[in-house]
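Colleague: The following block contains the structure, expressed as structure tokens.
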Amino acid sequence: MRSPYVTVYLSDSDMIAVAGTSGRRHRLSEAARQVLLAAGVPATPDKLAETGGTSLDVVLALIAAELLIDPDRLPDRSWWDPHELVIQRMRSAGRKRPTLQAEEMPSPRKPLRDEVVTLPTTALDTDPAFFADVLSRRRSCRRFADQPLDLPTLGAFLRRSLSVQHSAESYGSGVNWRPTPSGGGRHPLEVYLWPVQVTDLAPAIYRYDPFESVLCRHSDVDEWFARMPEQLRRQSDLLEGDPAVVLLVTAVAGRTMWKYENNGLSIIYQDLGALYQTWYLVATALGLGGCVLNGGNELVNARMLGLDPLIECHVGGFLLGTPRDDRYQDPLSELLTTRDQP
């Protein structure tokens with residue numbers, strides 16, 4: 001029967017099938033396509049050839065390509081979505097592109113708009129907490145105090161986690177170095193923030209520019225953004241109060257995919273994970289609380305930010321604020337208490 005782990009896409013005039021079990025891509029002939037369409041239920045190879053109106057050789061080739069599979073080989077339960085499995089298999093086969101055209105390299109930075117906000121420096125920039133202590137105290141905080149964040153503290157948080165330390169732009173390279181690692185030094189991630197409760201910062205959507213370390217006003221706050229904390233509280237019983245800042249993360253995918261082939265998306269996701277951990281540690285060092293945010297529907301967020309999701313796609317988010325209390329530091333006790341409740 002047809003493998004449940006197959007995805008199909010069009011490339012020019014060809015139809016390409018990807019076997020999720022191996023990650024290999026195969027160009028489908030019309031005969032092979034007809035066999036796959038007829039293979040939704042178990043059948044012998046001879047029967048599939050007859051139903052598909054083709055030769056047995058075509059069926060055997062599809063079996064060898066793992067596009068057809070013996071039902072006895074299927075696990076009793078599989079958690080894999082076929083698209084996720086294809087990405088996982090192709091990731092391990094990824095490599096650097098054999099030729100890189102410098103003139104096609106996406107810029108490592110987005111241009112500044114006219115209106116920017118300079119972030120004031122503070123002693124927090126030069127007085128970090130002891131690292132081992134910070135690491136041991138890192139927790140997800142979902143209960144926030146009704147307390148605004150001041151602009152210098154927000155600036156320290158952004159500089160410590162995102163600011164460019166060195167850049168090779170003057171050498172014609174898009175590589176730069178920041179507190180968070182990135183595959184190939186490409187740094188595809190962009191950060192937009194909505195200051196829900198931040199002093200000395202007008203309500204708006206801002207983009208943080210890591211090269212100049214300034215906030216660039218991106219757009220006004222519309223109704224969708226204004227309702228986000230309320231929507232999040234409805235989705236999670238653990239979230240209390242409003243965070244001081246909602247951070248949304250996008251990826252300018254071309255920066256990474258220009259250099260890498262099959263595993264470009266996987267590298268972007270790894271970059272996002274590294275950024276999340278950095279945000280957690282910096283928030284802990286500054287006495288703040290934070291937690292990863294799924295961030296909602298990608299296409300909705302792209303529309304709200306005025307982005308083309310094929311060029312710059314939403315990949316995640318983060319809530320940042322002052323902890324309401326220290327309950328989050330003992331999550332096991334809180335979990336057990338919640339379970340004991342009727």
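Residue numbering restarts at 1 for every chain of the structure tokens, chains are lettered A, B, ... in their displayed order, and ligands are numbered from 1 as they appear.
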Restrict the calculation to only C-alpha atoms, then for each residue of segment 259-310 of chain A with any atom at most 12 Å from an atom of segment 178-194 of chain A give the closest atom pair and their distance in Å to one decimal, rows by chain and rising residue number, as a tab-separated table.
Modeller:
residue	atom	partner	partner_atom	distance
A:Lys259	CA	A:Gly184	CA	7.9
A:Tyr260	CA	A:Gly184	CA	8.8
A:Asn263	CA	A:Gly183	CA	10.3
A:Gly264	CA	A:Gly183	CA	8.9
A:Leu265	CA	A:Pro188	CA	10.5
A:Ser266	CA	A:Gly183	CA	9.7
A:Ile267	CA	A:Gly183	CA	6.0
A:Ile268	CA	A:Pro188	CA	7.1
A:Tyr269	CA	A:Leu189	CA	9.8
A:Gln270	CA	A:Ser182	CA	7.9
A:Asp271	CA	A:Ser182	CA	5.3
A:Leu272	CA	A:Leu189	CA	7.5
A:Gly273	CA	A:Thr180	CA	9.7
A:Ala274	CA	A:Thr180	CA	6.3
A:Leu275	CA	A:Thr180	CA	5.9
A:Tyr276	CA	A:Thr180	CA	9.3
A:Gln277	CA	A:Thr180	CA	9.0
A:Thr278	CA	A:Thr180	CA	6.7
A:Trp279	CA	A:Thr180	CA	9.4
A:Leu281	CA	A:Thr180	CA	11.5
A:Val282	CA	A:Pro179	CA	10.5
A:Gly295	CA	A:Tyr192	CA	11.9
A:Asn301	CA	A:Tyr192	CA	11.0
A:Ala302	CA	A:Tyr192	CA	11.4
A:Met304	CA	A:Tyr192	CA	11.5
A:Leu305	CA	A:Tyr192	CA	8.8
A:Gly306	CA	A:Tyr192	CA	11.9
A:Leu307	CA	A:Tyr192	CA	11.7
Colleague: Neighbouring residues of Pro309 of chain A were defined as those with any atom within 10 Å, considering only C-alpha atoms; residues of the same chain fewer than 2 positions away were excluded. Please report them as a list in words.
Modeller: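 The neighbour list is Thr250, Ala251, Val252, Ala253, Glu298, Leu299, Val300, Asn301, Ala302, Arg303, Gly306, Leu307, Ile311, Glu312, Cys313 and His314 of chain A.
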Colleague: Just asking: which residues within segment 95-301 of chain A are strand (DSSP E) according to DSSP, as a JSON list (two decimals) with N, CA, C and O atoms, in the first residue's frame?
Modeller:
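Result written to states-v4.json:
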[["chain", "number", "residue", "atom", "x", "y", "z"],
["A", 116, "VAL", "N", 13.40, 56.04, 15.17],
["A", 116, "VAL", "CA", 14.08, 55.04, 16.00],
["A", 116, "VAL", "C", 14.09, 55.52, 17.44],
["A", 116, "VAL", "O", 14.01, 56.72, 17.74],
["A", 117, "VAL", "N", 14.19, 54.57, 18.35],
["A", 117, "VAL", "CA", 14.28, 54.86, 19.79],
["A", 117, "VAL", "C", 15.62, 54.38, 20.28],
["A", 117, "VAL", "O", 15.95, 53.19, 20.18],
["A", 118, "THR", "N", 16.42, 55.30, 20.82],
["A", 118, "THR", "CA", 17.71, 54.93, 21.38],
["A", 118, "THR", "C", 17.50, 54.33, 22.75],
["A", 118, "THR", "O", 16.76, 54.88, 23.59],
["A", 166, "HIS", "N", 30.46, 41.62, 16.45],
["A", 166, "HIS", "CA", 31.41, 41.78, 15.35],
["A", 166, "HIS", "C", 30.67, 41.49, 14.05],
["A", 166, "HIS", "O", 29.78, 40.67, 14.00],
["A", 167, "SER", "N", 31.07, 42.17, 12.99],
["A", 167, "SER", "CA", 30.44, 41.96, 11.69],
["A", 167, "SER", "C", 31.50, 41.92, 10.59],
["A", 167, "SER", "O", 32.49, 42.66, 10.65],
["A", 176, "ASN", "N", 27.98, 37.57, 10.96],
["A", 176, "ASN", "CA", 28.21, 38.43, 12.12],
["A", 176, "ASN", "C", 28.13, 37.58, 13.38],
["A", 176, "ASN", "O", 27.65, 36.45, 13.35],
["A", 177, "TRP", "N", 28.64, 38.14, 14.47],
["A", 177, "TRP", "CA", 28.74, 37.41, 15.73],
["A", 177, "TRP", "C", 27.89, 38.11, 16.79],
["A", 177, "TRP", "O", 27.96, 39.32, 16.95],
["A", 189, "LEU", "N", 17.13, 35.47, 12.26],
["A", 189, "LEU", "CA", 16.02, 35.85, 13.12],
["A", 189, "LEU", "C", 15.91, 37.36, 13.31],
["A", 189, "LEU", "O", 16.91, 38.05, 13.53],
["A", 190, "GLU", "N", 14.68, 37.85, 13.22],
["A", 190, "GLU", "CA", 14.36, 39.25, 13.52],
["A", 190, "GLU", "C", 13.40, 39.26, 14.70],
["A", 190, "GLU", "O", 12.59, 38.34, 14.87],
["A", 191, "VAL", "N", 13.47, 40.30, 15.52],
["A", 191, "VAL", "CA", 12.66, 40.38, 16.73],
["A", 191, "VAL", "C", 11.80, 41.64, 16.70],
["A", 191, "VAL", "O", 12.33, 42.76, 16.57],
["A", 192, "TYR", "N", 10.49, 41.44, 16.79],
["A", 192, "TYR", "CA", 9.52, 42.53, 16.90],
["A", 192, "TYR", "C", 8.95, 42.50, 18.31],
["A", 192, "TYR", "O", 8.75, 41.42, 18.88],
["A", 193, "LEU", "N", 8.67, 43.65, 18.87],
["A", 193, "LEU", "CA", 8.14, 43.66, 20.23],
["A", 193, "LEU", "C", 7.01, 44.64, 20.38],
["A", 193, "LEU", "O", 6.97, 45.70, 19.74],
["A", 194, "TRP", "N", 6.10, 44.25, 21.25],
["A", 194, "TRP", "CA", 5.00, 45.10, 21.63],
["A", 194, "TRP", "C", 5.14, 45.41, 23.11],
["A", 194, "TRP", "O", 5.03, 44.54, 23.95],
["A", 195, "PRO", "N", 5.44, 46.68, 23.47],
["A", 195, "PRO", "CA", 5.60, 47.05, 24.88],
["A", 195, "PRO", "C", 4.24, 47.23, 25.54],
["A", 195, "PRO", "O", 3.64, 48.30, 25.49],
["A", 205, "ILE", "N", 4.30, 48.84, 17.65],
["A", 205, "ILE", "CA", 5.09, 47.65, 17.38],
["A", 205, "ILE", "C", 6.47, 48.11, 16.92],
["A", 205, "ILE", "O", 6.59, 48.93, 16.00],
["A", 206, "TYR", "N", 7.51, 47.59, 17.56],
["A", 206, "TYR", "CA", 8.88, 47.97, 17.25],
["A", 206, "TYR", "C", 9.67, 46.76, 16.76],
["A", 206, "TYR", "O", 9.38, 45.62, 17.13],
["A", 207, "ARG", "N", 10.68, 47.02, 15.96],
["A", 207, "ARG", "CA", 11.66, 46.00, 15.59],
["A", 207, "ARG", "C", 12.98, 46.39, 16.22],
["A", 207, "ARG", "O", 13.40, 47.55, 16.14],
["A", 208, "TYR", "N", 13.64, 45.43, 16.85],
["A", 208, "TYR", "CA", 14.95, 45.70, 17.43],
["A", 208, "TYR", "C", 16.02, 45.53, 16.35],
["A", 208, "TYR", "O", 16.10, 44.48, 15.71],
["A", 209, "ASP", "N", 16.81, 46.57, 16.15],
["A", 209, "ASP", "CA", 17.91, 46.48, 15.19],
["A", 209, "ASP", "C", 19.18, 46.12, 15.96],
["A", 209, "ASP", "O", 19.68, 46.92, 16.76],
["A", 214, "VAL", "N", 19.02, 49.78, 18.47],
["A", 214, "VAL", "CA", 17.94, 50.74, 18.65],
["A", 214, "VAL", "C", 16.62, 50.04, 18.34],
["A", 214, "VAL", "O", 16.59, 48.98, 17.71],
["A", 215, "LEU", "N", 15.54, 50.64, 18.82],
["A", 215, "LEU", "CA", 14.21, 50.19, 18.46],
["A", 215, "LEU", "C", 13.72, 51.01, 17.28],
["A", 215, "LEU", "O", 13.77, 52.24, 17.31],
["A", 216, "CYS", "N", 13.25, 50.32, 16.27],
["A", 216, "CYS", "CA", 12.75, 50.96, 15.07],
["A", 216, "CYS", "C", 11.23, 50.79, 15.04],
["A", 216, "CYS", "O", 10.74, 49.66, 15.03],
["A", 217, "ARG", "N", 10.51, 51.90, 15.06],
["A", 217, "ARG", "CA", 9.05, 51.79, 15.06],
["A", 217, "ARG", "C", 8.59, 51.15, 13.76],
["A", 217, "ARG", "O", 8.93, 51.58, 12.67],
["A", 218, "HIS", "N", 7.79, 50.09, 13.90],
["A", 218, "HIS", "CA", 7.38, 49.31, 12.74],
["A", 218, "HIS", "C", 5.94, 49.61, 12.33],
["A", 218, "HIS", "O", 5.66, 49.79, 11.14],
["A", 219, "SER", "N", 5.03, 49.65, 13.28],
["A", 219, "SER", "CA", 3.63, 49.89, 12.95],
["A", 219, "SER", "C", 2.87, 50.25, 14.22],
["A", 219, "SER", "O", 3.39, 50.14, 15.34],
["A", 245, "VAL", "N", 6.29, 42.88, 28.06],
["A", 245, "VAL", "CA", 6.65, 42.92, 26.64],
["A", 245, "VAL", "C", 6.27, 41.59, 25.99],
["A", 245, "VAL", "O", 6.50, 40.53, 26.58],
["A", 246, "VAL", "N", 5.69, 41.66, 24.82],
["A", 246, "VAL", "CA", 5.49, 40.49, 23.97],
["A", 246, "VAL", "C", 6.49, 40.58, 22.82],
["A", 246, "VAL", "O", 6.51, 41.58, 22.09],
["A", 247, "LEU", "N", 7.33, 39.57, 22.69],
["A", 247, "LEU", "CA", 8.33, 39.53, 21.62],
["A", 247, "LEU", "C", 7.91, 38.50, 20.59],
["A", 247, "LEU", "O", 7.63, 37.35, 20.94],
["A", 248, "LEU", "N", 7.87, 38.88, 19.33],
["A", 248, "LEU", "CA", 7.59, 37.97, 18.24],
["A", 248, "LEU", "C", 8.85, 37.80, 17.41],
["A", 248, "LEU", "O", 9.55, 38.77, 17.10],
["A", 249, "VAL", "N", 9.14, 36.56, 17.04],
["A", 249, "VAL", "CA", 10.37, 36.24, 16.30],
["A", 249, "VAL", "C", 10.01, 35.80, 14.89],
["A", 249, "VAL", "O", 9.16, 34.92, 14.69],
["A", 250, "THR", "N", 10.64, 36.42, 13.92],
["A", 250, "THR", "CA", 10.49, 36.01, 12.52],
["A", 250, "THR", "C", 11.84, 35.56, 11.99],
["A", 250, "THR", "O", 12.87, 35.79, 12.61],
["A", 251, "ALA", "N", 11.82, 34.92, 10.83],
["A", 251, "ALA", "CA", 13.06, 34.47, 10.19],
["A", 251, "ALA", "C", 13.08, 34.95, 8.74],
["A", 251, "ALA", "O", 12.14, 34.67, 7.99],
["A", 252, "VAL", "N", 14.12, 35.67, 8.38],
["A", 252, "VAL", "CA", 14.37, 35.98, 6.98],
["A", 252, "VAL", "C", 15.07, 34.75, 6.42],
["A", 252, "VAL", "O", 16.30, 34.64, 6.45],
["A", 289, "GLY", "N", 11.09, 37.62, 34.55],
["A", 289, "GLY", "CA", 10.54, 36.31, 34.24],
["A", 289, "GLY", "C", 10.14, 36.26, 32.79],
["A", 289, "GLY", "O", 9.78, 37.28, 32.19],
["A", 290, "GLY", "N", 10.19, 35.08, 32.21],
["A", 290, "GLY", "CA", 9.82, 34.95, 30.81],
["A", 290, "GLY", "C", 9.39, 33.55, 30.49],
["A", 290, "GLY", "O", 9.67, 32.61, 31.24],
["A", 291, "CYS", "N", 8.70, 33.40, 29.38],
["A", 291, "CYS", "CA", 8.34, 32.06, 28.91],
["A", 291, "CYS", "C", 8.14, 32.10, 27.40],
["A", 291, "CYS", "O", 7.78, 33.13, 26.83],
["A", 292, "VAL", "N", 8.40, 30.95, 26.79],
["A", 292, "VAL", "CA", 8.24, 30.81, 25.35],
["A", 292, "VAL", "C", 6.76, 30.90, 25.00],
["A", 292, "VAL", "O", 5.90, 30.41, 25.71],
["A", 293, "LEU", "N", 6.50, 31.56, 23.89],
["A", 293, "LEU", "CA", 5.15, 31.77, 23.40],
["A", 293, "LEU", "C", 5.02, 31.15, 22.02],
["A", 293, "LEU", "O", 5.86, 31.41, 21.15]]
Colleague: Which residue is closest to Asp146 of chain A? Choose from A:Ser29, A:Thr322, A:Ser3, A:Thr99 and count only C-alpha atoms.
Modeller: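 Looking only at the distances to Asp146 of chain A, the closest residue turns out to be A:Thr322.
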Colleague: Under the rule that only C-alpha atoms are counted, which of A:Leu10, A:Ala285, A:Leu239, A:Ala61 is the nearest residue to Asp133 of chain A?
Modeller: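 Looking only at the distances to Asp133 of chain A, the closest residue turns out to be A:Ala285.
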Colleague: Take atom CA of His26 of chain A and atom CA of Ala39 of chain A and report the distance between them in Å, one decimal.
Modeller: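 Between these atoms lies a distance of 17.0 Å.
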Colleague: From segment 27-81 of chain A, collect each residue whose DSSP state is alpha helix (DSSP H) and return the set as a list in words.
Modeller: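 Selecting the alpha helix (DSSP H) positions of segment 27-81 of chain A gives Glu30, Ala31, Ala32, Arg33, Gln34, Val35, Leu36, Leu37, Ala38, Pro45, Asp46, Lys47, Leu48, Ala49, Glu50, Thr51, Gly52, Leu56, Asp57, Val58, Val59, Leu60, Ala61, Leu62, Ile63 and Ala64 of chain A.
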Colleague: Between A:Leu336, A:Met15, A:Val196, A:Val315, which residue has the minimum interatomic distance to Gly241 of chain A, considering only C-alpha atoms?
Modeller: A:Val196
Colleague: Could you check how far atom CA of Ala49 of chain A sits from atom CA of His83 of chain A, in Å to one decimal?
Modeller: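 So the answer is 27.3 Å.
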Colleague: Tell me, in Å to one decimal, how far atom CA of Asp150 of chain A is from atom CA of Ala204 of chain A.
Modeller: 15.8 Å
Colleague: For Ser136 of chain A, which residue among A:Asp308, A:Gly316, A:Arg234, A:Thr284 is the nearest when counting only C-alpha atoms?
Modeller: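 Checking each candidate against Ser136 of chain A, we get A:Thr284 as the closest.
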